[in-house]
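Data from entry-v6.cif: mmCIF, C-alpha atoms and all ligand atoms
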```cif
data_start
loop_
_atom_site.label_atom_id
_atom_site.label_comp_id
_atom_site.auth_asym_id
_atom_site.auth_seq_id
_atom_site.Cartn_x
_atom_site.Cartn_y
_atom_site.Cartn_z
CA MET A 4 0.76 10.68 4.01
CA ARG A 5 1.74 14.20 4.88
CA GLU A 6 2.10 15.82 1.48
CA ILE A 7 0.04 15.87 -1.70
CA SER A 8 3.22 15.32 -3.75
CA LEU A 9 3.60 11.88 -2.11
CA HIS A 10 0.08 10.95 -3.20
CA ILE A 11 0.98 12.14 -6.71
CA LEU A 12 4.06 9.91 -6.65
CA ASP A 13 1.93 6.92 -5.66
CA ILE A 14 -0.75 7.56 -8.29
CA VAL A 15 1.87 8.02 -11.03
CA GLN A 16 3.51 4.77 -9.94
CA ASN A 17 0.16 3.06 -10.53
CA SER A 18 0.22 4.46 -14.08
CA VAL A 19 3.75 3.15 -14.58
CA VAL A 20 2.73 -0.32 -13.40
CA ALA A 21 -0.26 -0.10 -15.77
CA GLY A 22 2.22 0.15 -18.66
CA ALA A 23 1.61 3.79 -19.55
CA THR A 24 3.85 5.35 -22.20
CA ARG A 25 2.50 8.85 -21.62
CA ILE A 26 1.55 10.36 -18.26
CA GLU A 27 0.15 13.83 -17.63
CA VAL A 28 0.41 15.46 -14.21
CA PHE A 29 -1.58 18.65 -13.72
CA VAL A 30 -1.63 20.68 -10.51
CA ASP A 31 -3.91 23.71 -10.45
CA GLU A 32 -3.90 26.06 -7.46
CA ASP A 33 -6.84 28.39 -7.87
CA ILE A 34 -6.81 30.55 -4.77
CA ALA A 35 -9.77 32.73 -5.80
CA ALA A 36 -11.91 29.60 -6.13
CA ASP A 37 -10.30 28.18 -2.95
CA ARG A 38 -9.44 24.98 -4.84
CA LEU A 39 -6.38 22.85 -5.45
CA THR A 40 -6.91 20.32 -8.23
CA VAL A 41 -4.63 17.40 -9.07
CA GLU A 42 -5.16 15.46 -12.27
CA ILE A 43 -3.17 12.45 -13.46
CA ASN A 44 -3.88 11.02 -16.91
CA ASP A 45 -2.31 7.91 -18.38
CA ASP A 46 -2.58 5.71 -21.45
CA GLY A 47 -2.03 2.50 -19.48
CA CYS A 48 -4.11 -0.69 -19.37
CA GLY A 49 -7.10 0.88 -17.61
CA MET A 50 -9.58 -0.84 -15.30
CA SER A 51 -13.01 -2.41 -15.72
CA LYS A 52 -16.01 -0.78 -14.00
CA ASP A 53 -16.28 -3.58 -11.44
CA PHE A 54 -12.61 -3.51 -10.58
CA LEU A 55 -12.60 0.28 -10.32
CA ALA A 56 -15.45 0.18 -7.80
CA LYS A 57 -13.42 -2.18 -5.58
CA VAL A 58 -10.27 -0.11 -5.91
CA ILE A 59 -12.01 3.09 -4.83
CA ASP A 60 -13.55 1.48 -1.76
CA PRO A 61 -11.43 -1.53 -0.74
CA PHE A 62 -13.20 -1.93 2.60
CA THR A 63 -16.44 -3.02 0.99
CA THR A 64 -14.57 -5.82 -0.77
CA LYS A 65 -13.73 -9.32 0.38
CA ARG A 66 -10.01 -9.40 1.04
CA THR A 67 -9.48 -12.52 -1.02
CA THR A 68 -10.40 -10.83 -4.29
CA ARG A 69 -7.26 -8.72 -4.37
CA LYS A 70 -4.35 -7.46 -2.35
CA VAL A 71 -5.56 -4.44 -0.43
CA GLY A 72 -3.93 -1.42 -1.98
CA LEU A 73 -4.29 1.90 -0.25
CA GLY A 74 -2.81 4.44 -2.64
CA ILE A 75 -6.12 5.43 -4.20
CA PRO A 76 -8.30 5.29 -1.03
CA LEU A 77 -5.76 7.45 0.87
CA PHE A 78 -5.70 10.07 -1.89
CA LYS A 79 -9.50 10.06 -2.04
CA ASN A 80 -9.75 10.48 1.71
CA ALA A 81 -7.19 13.30 1.75
CA ALA A 82 -9.21 15.24 -0.83
CA GLU A 83 -12.65 14.55 0.59
CA SER A 84 -11.65 15.47 4.13
CA THR A 85 -11.01 19.02 2.87
CA GLY A 86 -14.52 19.38 1.46
CA GLY A 87 -13.20 18.45 -1.98
CA SER A 88 -14.01 15.65 -4.37
CA PHE A 89 -12.42 12.64 -6.02
CA GLU A 90 -13.13 10.76 -9.22
CA ILE A 91 -11.52 8.21 -11.49
CA GLN A 92 -12.38 7.63 -15.10
CA SER A 93 -10.91 4.51 -16.60
CA GLU A 94 -11.41 2.43 -19.68
CA LEU A 95 -9.87 -0.97 -20.30
CA GLY A 96 -7.16 -0.76 -22.94
CA LYS A 97 -7.37 3.04 -23.13
CA GLY A 98 -6.18 4.56 -19.87
CA THR A 99 -7.08 6.21 -16.64
CA CYS A 100 -7.74 9.70 -15.34
CA VAL A 101 -7.56 10.40 -11.61
CA ARG A 102 -8.88 13.76 -10.39
CA ALA A 103 -8.74 15.05 -6.83
CA VAL A 104 -10.01 18.45 -5.72
CA PHE A 105 -8.92 19.86 -2.35
CA GLY A 106 -10.36 22.78 -0.41
CA TYR A 107 -7.39 25.13 -0.65
CA SER A 108 -7.73 26.89 2.69
CA HIS A 109 -9.20 23.94 4.60
CA ILE A 110 -7.34 23.28 7.85
CA ASP A 111 -6.87 19.60 6.96
CA ARG A 112 -5.41 20.22 3.52
CA GLN A 113 -1.94 18.71 3.30
CA PRO A 114 0.81 20.93 1.93
CA LEU A 115 1.58 20.33 -1.74
CA GLY A 116 5.18 19.32 -1.00
CA ASP A 117 8.19 19.59 -3.27
CA MET A 118 6.91 19.20 -6.83
CA ALA A 119 10.31 19.99 -8.40
CA ASP A 120 11.88 17.05 -6.55
CA THR A 121 8.91 14.79 -7.18
CA MET A 122 8.94 15.38 -10.92
CA LEU A 123 12.75 15.14 -11.12
CA GLY A 124 12.51 11.72 -9.48
CA LEU A 125 9.81 10.57 -11.89
CA PHE A 126 11.50 11.94 -15.03
CA THR A 127 14.80 10.24 -14.17
CA SER A 128 13.35 6.96 -12.82
CA TYR A 129 11.04 6.40 -15.79
CA GLU A 130 12.91 8.02 -18.63
CA GLN A 131 11.19 5.89 -21.28
CA ILE A 132 7.83 7.44 -20.36
CA ASP A 133 6.77 10.76 -21.88
CA PHE A 134 5.62 13.08 -19.11
CA VAL A 135 3.67 16.26 -19.43
CA TYR A 136 3.80 18.24 -16.19
CA ARG A 137 1.80 21.42 -15.74
CA HIS A 138 1.58 23.45 -12.55
CA LYS A 139 -0.69 26.48 -12.40
CA VAL A 140 -0.90 28.95 -9.55
CA ASN A 141 -3.69 31.41 -10.30
CA ASP A 142 -2.75 32.92 -13.68
CA LYS A 143 0.89 31.75 -13.69
CA GLU A 144 1.84 28.47 -15.33
CA PHE A 145 4.89 26.24 -15.57
CA GLU A 146 4.92 23.37 -18.05
CA VAL A 147 7.46 20.66 -18.83
CA VAL A 148 7.09 18.27 -21.76
CA THR A 149 9.79 15.63 -21.44
CA ALA A 150 9.48 14.59 -25.10
CA ASP A 151 10.65 18.11 -26.05
CA LEU A 152 13.61 17.87 -23.66
CA LYS A 153 14.54 14.44 -25.06
CA ALA A 154 14.48 15.81 -28.61
CA VAL A 155 17.00 18.49 -27.64
CA LEU A 156 19.19 16.04 -25.71
CA GLU A 157 19.49 13.68 -28.71
CA GLY A 158 19.87 10.51 -26.66
CA VAL A 159 21.81 11.87 -23.70
CA SER A 160 20.19 10.58 -20.51
CA PHE A 161 18.44 12.73 -17.90
CA THR A 162 20.71 10.98 -15.43
CA ALA A 163 23.94 12.20 -17.07
CA PRO A 164 25.44 14.41 -14.32
CA GLU A 165 25.36 17.72 -16.20
CA VAL A 166 21.85 17.09 -17.56
CA TYR A 167 20.58 15.99 -14.15
CA LEU A 168 21.91 19.18 -12.59
CA TRP A 169 20.41 21.35 -15.30
CA LEU A 170 17.03 19.57 -15.06
CA SER A 171 17.02 19.93 -11.29
CA GLU A 172 17.70 23.70 -11.51
CA PHE A 173 15.18 24.13 -14.34
CA LEU A 174 12.42 22.51 -12.26
CA LYS A 175 13.32 24.44 -9.09
CA GLU A 176 13.37 27.73 -10.97
CA GLY A 177 10.10 27.03 -12.80
CA GLU A 178 8.39 26.18 -9.54
CA SER A 179 9.77 29.18 -7.67
CA GLU A 180 8.55 31.56 -10.37
CA LEU A 181 4.97 30.49 -9.64
CA ASN A 182 5.04 32.17 -6.25
N1 LIG B 201 -3.68 4.12 -13.50
C1 LIG B 201 -4.06 2.82 -13.34
N2 LIG B 201 -4.23 2.03 -14.42
C2 LIG B 201 -4.63 0.72 -14.27
N3 LIG B 201 -4.86 0.14 -13.08
C3 LIG B 201 -4.70 0.89 -11.97
C4 LIG B 201 -4.30 2.26 -12.03
N4 LIG B 201 -4.25 2.75 -10.77
C5 LIG B 201 -4.58 1.73 -9.97
N5 LIG B 201 -4.85 0.61 -10.67
C6 LIG B 201 -5.26 -0.70 -10.10
O1 LIG B 201 -5.82 -0.45 -8.84
C7 LIG B 201 -5.12 -1.16 -7.83
C8 LIG B 201 -5.15 -0.35 -6.54
O2 LIG B 201 -4.33 0.80 -6.62
P1 LIG B 201 -3.79 1.45 -5.28
O3 LIG B 201 -2.81 2.50 -5.60
O4 LIG B 201 -4.95 1.84 -4.43
O5 LIG B 201 -3.09 0.24 -4.55
P2 LIG B 201 -1.77 -0.56 -5.01
O6 LIG B 201 -1.00 0.23 -6.01
O7 LIG B 201 -2.20 -1.94 -5.41
O8 LIG B 201 -0.97 -0.66 -3.65
P3 LIG B 201 -0.29 0.57 -2.86
O9 LIG B 201 -0.99 0.61 -1.54
O10 LIG B 201 1.14 0.18 -2.80
O11 LIG B 201 -0.52 1.83 -3.65
C9 LIG B 201 -3.75 -1.41 -8.41
O12 LIG B 201 -3.16 -2.55 -7.83
C10 LIG B 201 -4.07 -1.60 -9.89
O13 LIG B 201 -4.49 -2.93 -10.13
MG MG B 202 -0.61 2.37 -5.74
#
```
Would you encode the structure as structure tokens?
Ligand SMILES: Nc1ncnc2c1ncn2[C@@H]1O[C@H](COP(=O)(O)OP(=O)(O)OP(=O)(O)O)[C@@H](O)[C@H]1O
Ligand SMILES: [Mg+2]
Amino acid sequence: MREISLHILDIVQNSVVAGATRIEVFVDEDIAADRLTVEINDDGCGMSKDFLAKVIDPFTTKRTTRKVGLGIPLFKNAAESTGGSFEIQSELGKGTCVRAVFGYSHIDRQPLGDMADTMLGLFTSYEQIDFVYRHKVNDKEFEVVTADLKAVLEGVSFTAPEVYLWLSEFLKEGESELN
């Protein structure tokens, strides 16, 4: 994968498959600390300790135990190859938290990618899910809480043409103001 946003998309899709009703996506670019942190929290079905261990390192597992998924191992590798770290906390029936820390200025760090487009795609594809998206760049912050948007829209879909256009501009503008 060439961009961190594509990893985010994959990890959020895991949360969707896990039946999450609420998903938090947090991107924190702390240039002084030379760190880019991505955190994805969900209230989906969670994983047992044993299963989680296999998911994080699929190559130590016998192939027959599960289909070999690569979303998590690829994200882990992308973070760790920049001198960063990776962890997952998960509890069956409660949810999952995935946290990846990248070395900001490391030569192998992938670009973040287009977060406005990524979040627009997620908000409109999974409208029934409440998303909280927060992007920090140093001391600037942009936050979107889709439940608040839905309350204002009173049942009009994010995919209604005029809403979609507004949402797209809102996300682009919010992102651009971080720089
Ligand atoms: N947030 C989550 N909640 C519950 N289970 C999860 C979560 N994320 C991952 N899993 C479990 O871990 C498995 C591995 O995830 P991973 O993203 O590495 O591969 P995958 O989704 O199966 O395949 P792909 O390579 O298409 O991503 C999933 O199939 C799922 O069973
Ligand atoms: Mg996956």
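Across the model, the gap from atom C6 of ligand LIG 201 (chain B) to atom CA of A:Ala150 is 26.0 Å.
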Tell me, as a PDB file with C-alpha atoms, in the coordinates of the input, which residues lie within 12 Å of A:Lys153, counting only C-alpha atoms; anything in the same chain fewer than 6 positions away does not count.
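Result file is result06.pdb:
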```pdb
ATOM      1  CA  PHE A 126      11.500  11.940 -15.030  1.00  0.00           C
ATOM      2  CA  THR A 127      14.800  10.240 -14.170  1.00  0.00           C
ATOM      3  CA  GLU A 130      12.910   8.020 -18.630  1.00  0.00           C
ATOM      4  CA  GLN A 131      11.190   5.890 -21.280  1.00  0.00           C
ATOM      5  CA  ILE A 132       7.830   7.440 -20.360  1.00  0.00           C
ATOM      6  CA  ASP A 133       6.770  10.760 -21.880  1.00  0.00           C
ATOM      7  CA  PHE A 134       5.620  13.080 -19.110  1.00  0.00           C
ATOM      8  CA  VAL A 147       7.460  20.660 -18.830  1.00  0.00           C
ATOM      9  CA  VAL A 159      21.810  11.870 -23.700  1.00  0.00           C
ATOM     10  CA  SER A 160      20.190  10.580 -20.510  1.00  0.00           C
ATOM     11  CA  PHE A 161      18.440  12.730 -17.900  1.00  0.00           C
ATOM     12  CA  THR A 162      20.710  10.980 -15.430  1.00  0.00           C
ATOM     13  CA  VAL A 166      21.850  17.090 -17.560  1.00  0.00           C
ATOM     14  CA  LEU A 170      17.030  19.570 -15.060  1.00  0.00           C
TER      15      LEU A 170
END
```
Checklist line | Nearby residues, ligand LIG 201 (chain B), 8 Å, all atoms listed in the file, as a ChimeraX atom specification | finding: /A:13-23,44-45,47-50,54-55,58-59,70-77,93,98-101
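Straight-line separation from atom CA of A:Lys175 to atom CA of A:Ser108: 24.2 Å.
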Notebook entry, point to check: When distances are computed from only C-alpha atoms, which of A:Ala81, A:Leu95, A:Leu12, A:Leu125 shows the smallest separation from A:Gln113?
Noted result: A:Ala81
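Proximity of A:Ala119, A:Ile11, A:Met4, A:Val104 to A:Ala36, computed with only C-alpha atoms, is greatest for A:Val104.
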Margin query: Quick check, in Å to one decimal: how far apart do atom CA of A:Arg25 and atom CA of A:Met118 lie?
Written below: 18.6 Å
Next item on the list: Using all atoms listed in the file, pick whichever of A:Ser128, A:Gln92, A:Asn182, A:Asn141 has the shortest atom-to-atom distance to A:Val30.
Entry: A:Asn141
Notebook entry, point to check: Between A:Phe105, A:Trp169, A:Phe29, A:Phe145, which has the minimum distance to A:Thr85 (counting only C-alpha atoms)?
Noted result: A:Phe105
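Minimum atom-to-atom distances from A:Leu115, A:Asp46, A:Glu146, A:Phe78 to ligand MG 202 (chain B) were compared using only C-alpha atoms and all ligand atoms, and the lowest value belongs to A:Phe78.
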